[in-house]
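Colleague: Just so it is clear, I am handing over protein07.cif, which has mmCIF, C-alpha atoms; chains and numbers go by the auth columns.
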```cif
data_model
#
loop_
_atom_site.group_PDB
_atom_site.id
_atom_site.type_symbol
_atom_site.label_atom_id
_atom_site.label_comp_id
_atom_site.label_asym_id
_atom_site.label_seq_id
_atom_site.Cartn_x
_atom_site.Cartn_y
_atom_site.Cartn_z
_atom_site.B_iso_or_equiv
_atom_site.auth_seq_id
_atom_site.auth_asym_id
ATOM 1 C CA MET A 1 65.895 85.498 139.834 0.00 1 A
ATOM 2 C CA ARG A 2 63.068 82.981 139.798 0.00 2 A
ATOM 3 C CA ARG A 3 63.426 80.356 137.083 0.00 3 A
ATOM 4 C CA ASP A 4 60.772 78.220 135.453 0.00 4 A
ATOM 5 C CA VAL A 5 60.472 74.623 136.697 0.00 5 A
ATOM 6 C CA TYR A 6 60.120 73.349 133.121 0.00 6 A
ATOM 7 C CA GLN A 7 63.362 75.077 132.131 0.00 7 A
ATOM 8 C CA ALA A 8 65.058 73.458 135.110 0.00 8 A
ATOM 9 C CA ILE A 9 63.903 69.927 134.296 0.00 9 A
ATOM 10 C CA ALA A 10 64.628 70.288 130.579 0.00 10 A
ATOM 11 C CA ASP A 11 68.303 69.450 131.085 0.00 11 A
ATOM 12 C CA PRO A 12 69.175 65.731 131.513 0.00 12 A
ATOM 13 C CA VAL A 13 71.923 66.472 134.061 0.00 13 A
ATOM 14 C CA ARG A 14 69.471 68.405 136.227 0.00 14 A
ATOM 15 C CA ARG A 15 66.944 65.567 135.951 0.00 15 A
ATOM 16 C CA ASP A 16 69.681 63.170 137.101 0.00 16 A
ATOM 17 C CA ILE A 17 70.486 65.485 140.021 0.00 17 A
ATOM 18 C CA ILE A 18 66.793 65.556 140.985 0.00 18 A
ATOM 19 C CA ASP A 19 66.697 61.763 140.822 0.00 19 A
ATOM 20 C CA LEU A 20 69.812 61.540 142.988 0.00 20 A
ATOM 21 C CA LEU A 21 68.442 63.969 145.573 0.00 21 A
ATOM 22 C CA SER A 22 65.068 62.221 145.644 0.00 22 A
ATOM 23 C CA LYS A 23 66.736 59.412 147.572 0.00 23 A
ATOM 24 C CA LYS A 24 68.318 61.604 150.273 0.00 24 A
ATOM 25 C CA PRO A 25 69.833 65.058 150.812 0.00 25 A
ATOM 26 C CA LEU A 26 73.478 65.253 149.714 0.00 26 A
ATOM 27 C CA THR A 27 76.285 67.742 150.034 0.00 27 A
ATOM 28 C CA VAL A 28 77.282 69.709 146.976 0.00 28 A
ATOM 29 C CA ASN A 29 80.507 67.677 146.820 0.00 29 A
ATOM 30 C CA ALA A 30 78.600 64.384 147.079 0.00 30 A
ATOM 31 C CA VAL A 31 76.462 65.459 144.132 0.00 31 A
ATOM 32 C CA ALA A 32 79.487 66.595 142.116 0.00 32 A
ATOM 33 C CA VAL A 33 81.377 63.298 142.433 0.00 33 A
ATOM 34 C CA LYS A 34 78.459 61.428 140.838 0.00 34 A
ATOM 35 C CA PHE A 35 78.943 63.226 137.511 0.00 35 A
ATOM 36 C CA ALA A 36 81.734 63.324 134.941 0.00 36 A
ATOM 37 C CA ILE A 37 81.530 67.113 134.608 0.00 37 A
ATOM 38 C CA SER A 38 83.322 69.869 136.470 0.00 38 A
ATOM 39 C CA ARG A 39 82.368 71.019 139.952 0.00 39 A
ATOM 40 C CA PRO A 40 81.603 74.552 138.631 0.00 40 A
ATOM 41 C CA ALA A 41 79.218 73.014 136.064 0.00 41 A
ATOM 42 C CA ILE A 42 77.444 71.075 138.826 0.00 42 A
ATOM 43 C CA SER A 43 77.253 74.254 140.906 0.00 43 A
ATOM 44 C CA LYS A 44 75.605 76.029 137.973 0.00 44 A
ATOM 45 C CA HIS A 45 73.034 73.224 137.623 0.00 45 A
ATOM 46 C CA LEU A 46 72.355 73.334 141.370 0.00 46 A
ATOM 47 C CA LYS A 47 71.915 77.105 141.190 0.00 47 A
ATOM 48 C CA ILE A 48 69.300 76.725 138.434 0.00 48 A
ATOM 49 C CA LEU A 49 67.482 74.042 140.431 0.00 49 A
ATOM 50 C CA HIS A 50 67.562 76.318 143.482 0.00 50 A
ATOM 51 C CA GLU A 51 66.313 79.339 141.530 0.00 51 A
ATOM 52 C CA SER A 52 63.390 77.277 140.231 0.00 52 A
ATOM 53 C CA GLY A 53 62.508 76.209 143.770 0.00 53 A
ATOM 54 C CA LEU A 54 63.262 72.541 143.154 0.00 54 A
ATOM 55 C CA ILE A 55 66.036 72.326 145.734 0.00 55 A
ATOM 56 C CA GLU A 56 66.999 74.173 148.892 0.00 56 A
ATOM 57 C CA PHE A 57 70.408 74.466 150.475 0.00 57 A
ATOM 58 C CA ASP A 58 70.840 73.673 154.157 0.00 58 A
ATOM 59 C CA GLN A 59 74.076 74.894 155.724 0.00 59 A
ATOM 60 C CA ARG A 60 75.346 72.398 158.324 0.00 60 A
ATOM 61 C CA GLY A 61 78.678 73.527 159.650 0.00 61 A
ATOM 62 C CA ARG A 62 81.038 73.766 156.713 0.00 62 A
ATOM 63 C CA GLU A 63 78.859 71.660 154.424 0.00 63 A
ATOM 64 C CA ARG A 64 75.951 72.752 152.242 0.00 64 A
ATOM 65 C CA TYR A 65 73.348 70.065 151.777 0.00 65 A
ATOM 66 C CA CYS A 66 71.018 69.992 148.805 0.00 66 A
ATOM 67 C CA GLN A 67 67.478 68.873 149.538 0.00 67 A
ATOM 68 C CA ILE A 68 64.741 68.380 146.973 0.00 68 A
ATOM 69 C CA GLN A 69 61.511 70.387 147.274 0.00 69 A
ATOM 70 C CA THR A 70 59.011 67.996 145.743 0.00 70 A
ATOM 71 C CA GLN A 71 56.007 70.307 146.048 0.00 71 A
ATOM 72 C CA HIS A 72 57.380 72.373 143.150 0.00 72 A
ATOM 73 C CA LEU A 73 57.563 69.277 140.935 0.00 73 A
ATOM 74 C CA ILE A 74 53.863 68.419 141.303 0.00 74 A
ATOM 75 C CA PRO A 75 52.497 70.861 138.655 0.00 75 A
ATOM 76 C CA ALA A 76 55.157 69.717 136.165 0.00 76 A
ATOM 77 C CA PHE A 77 54.410 66.071 136.938 0.00 77 A
ATOM 78 C CA LEU A 78 50.672 66.588 136.421 0.00 78 A
ATOM 79 C CA TRP A 79 51.268 68.393 133.130 0.00 79 A
ATOM 80 C CA LEU A 80 53.622 65.646 131.911 0.00 80 A
ATOM 81 C CA GLU A 81 51.196 62.943 132.995 0.00 81 A
ATOM 82 C CA GLN A 82 48.391 64.577 130.997 0.00 82 A
ATOM 83 C CA HIS A 83 50.528 64.718 127.865 0.00 83 A
ATOM 84 C CA LYS A 84 51.917 61.246 128.430 0.00 84 A
ATOM 85 C CA LYS A 85 48.412 59.803 128.015 0.00 85 A
ATOM 86 C CA GLN A 86 47.885 61.736 124.789 0.00 86 A
ATOM 87 C CA TRP A 87 51.214 60.566 123.367 0.00 87 A
ATOM 88 C CA GLU A 88 50.575 56.961 124.383 0.00 88 A
ATOM 89 C CA GLU A 89 47.266 57.065 122.510 0.00 89 A
ATOM 90 C CA ARG A 90 48.962 58.522 119.437 0.00 90 A
ATOM 91 C CA ILE A 91 51.771 55.978 119.557 0.00 91 A
ATOM 92 C CA ASP A 92 49.287 53.117 119.979 0.00 92 A
ATOM 93 C CA SER A 93 47.311 54.404 117.006 0.00 93 A
ATOM 94 C CA PHE A 94 50.472 54.682 114.914 0.00 94 A
ATOM 95 C CA GLU A 95 51.522 51.173 115.942 0.00 95 A
ATOM 96 C CA SER A 96 48.134 49.823 114.858 0.00 96 A
ATOM 97 C CA TYR A 97 48.493 51.603 111.522 0.00 97 A
ATOM 98 C CA LEU A 98 51.970 50.116 110.981 0.00 98 A
ATOM 99 C CA ASN A 99 50.723 46.638 111.854 0.00 99 A
ATOM 100 C CA GLN A 100 47.869 47.065 109.375 0.00 100 A
ATOM 101 C CA LEU A 101 50.311 48.108 106.630 0.00 101 A
ATOM 102 C CA LYS A 102 52.583 45.179 107.429 0.00 102 A
ATOM 103 C CA SER A 103 49.631 42.798 107.292 0.00 103 A
ATOM 104 C CA GLN A 104 48.554 44.199 103.910 0.00 104 A
ATOM 105 C CA GLN A 105 52.108 43.900 102.618 0.00 105 A
ATOM 106 C CA ASN A 106 52.316 40.282 103.746 0.00 106 A
ATOM 107 C CA GLU A 107 49.021 39.479 102.000 0.00 107 A
ATOM 108 C CA GLN A 108 50.248 41.071 98.758 0.00 108 A
ATOM 109 C CA GLN A 109 53.435 39.010 98.840 0.00 109 A
ATOM 110 C CA ARG A 110 51.515 35.716 98.991 0.00 110 A
#
```
Represent the structure of the file as structure tokens.

Modeller:
Amino acid sequence: MRRDVYQAIADPVRRDIIDLLSKKPLTVNAVAVKFAISRPAISKHLKILHESGLIEFDQRGRERYCQIQTQHLIPAFLWLEQHKKQWEERIDSFESYLNQLKSQQNEQQR
């Protein structure tokens, strides 16, 4: 089953796993000990990340290493970056509006 990248990054635990793996490949156990949730829950998150193409597993002896596949994050990053600019503009506009209201309120109180 191929999962959607956006579905994979929607969960905060999976985003934290991606952040962790962005520093270096880790074993499944090394990932699991970083979180206060069960090992089966971490395995499920890793499975979703794998199914979306965001991580690959590399078997080295008895250990399975998780390695991030950044090329699959690029389209999501570009989409988020585009919307980030739009939201920043909207937030700036709203902040200006609130400052204007506050200024008017201060003038009325004088």

Colleague: One decimal, Å: what's the distance from atom CA of Lys44 of chain A over to atom CA of His72 of chain A, could you say?

Modeller: 19.3 Å

Colleague: Select, from A:Arg90, A:Lys23, A:Val33, A:His50, the residue with the minimum atom-to-atom distance to Asp4 of chain A, counting all atoms listed in the file.

Modeller: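 Nearest to Asp4 of chain A: A:His50.
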
Colleague: For atom CA of Leu73 of chain A and atom CA of Asp92 of chain A, determine how far apart the two atoms are, in Å to one decimal place.

Modeller: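 Spanning atom CA of Leu73 of chain A to atom CA of Asp92 of chain A is a straight-line distance of 27.7 Å.
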
Colleague: Name every residue that the PyMOL selection byres ((chain A and resi 57) around 10) selects in this structure, writing the answer as a PyMOL selection string with chains first and numbers rising.

Modeller: chain A and resi 25-28+46-47+50+55-56+58-60+63-68

Colleague: Name the residues in contact with Leu54 of chain A at a cut-off of 12 Å, using all atoms listed in the file, excluding same-chain residues fewer than 5 positions from it; report them as a count of residues only.

Modeller: 31

Colleague: Expressed in Å to a single decimal, how great is the separation between atom CA of Glu81 of chain A and atom CA of Val31 of chain A?

Modeller: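 One can read the atom CA of Glu81 of chain A to atom CA of Val31 of chain A distance as 27.7 Å.
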
Colleague: Just need the box for segment 38-41 of chain A, edges along x, y and z, holding every atom the file lists for it with 4 Å tacked onto each side, so centre and edge lengths in Å to one decimal, as lines of an AutoDock Vina configuration file.

Modeller:
```
center_x = 81.3
center_y = 72.2
center_z = 138.0
size_x = 12.1
size_y = 12.7
size_z = 11.9
```
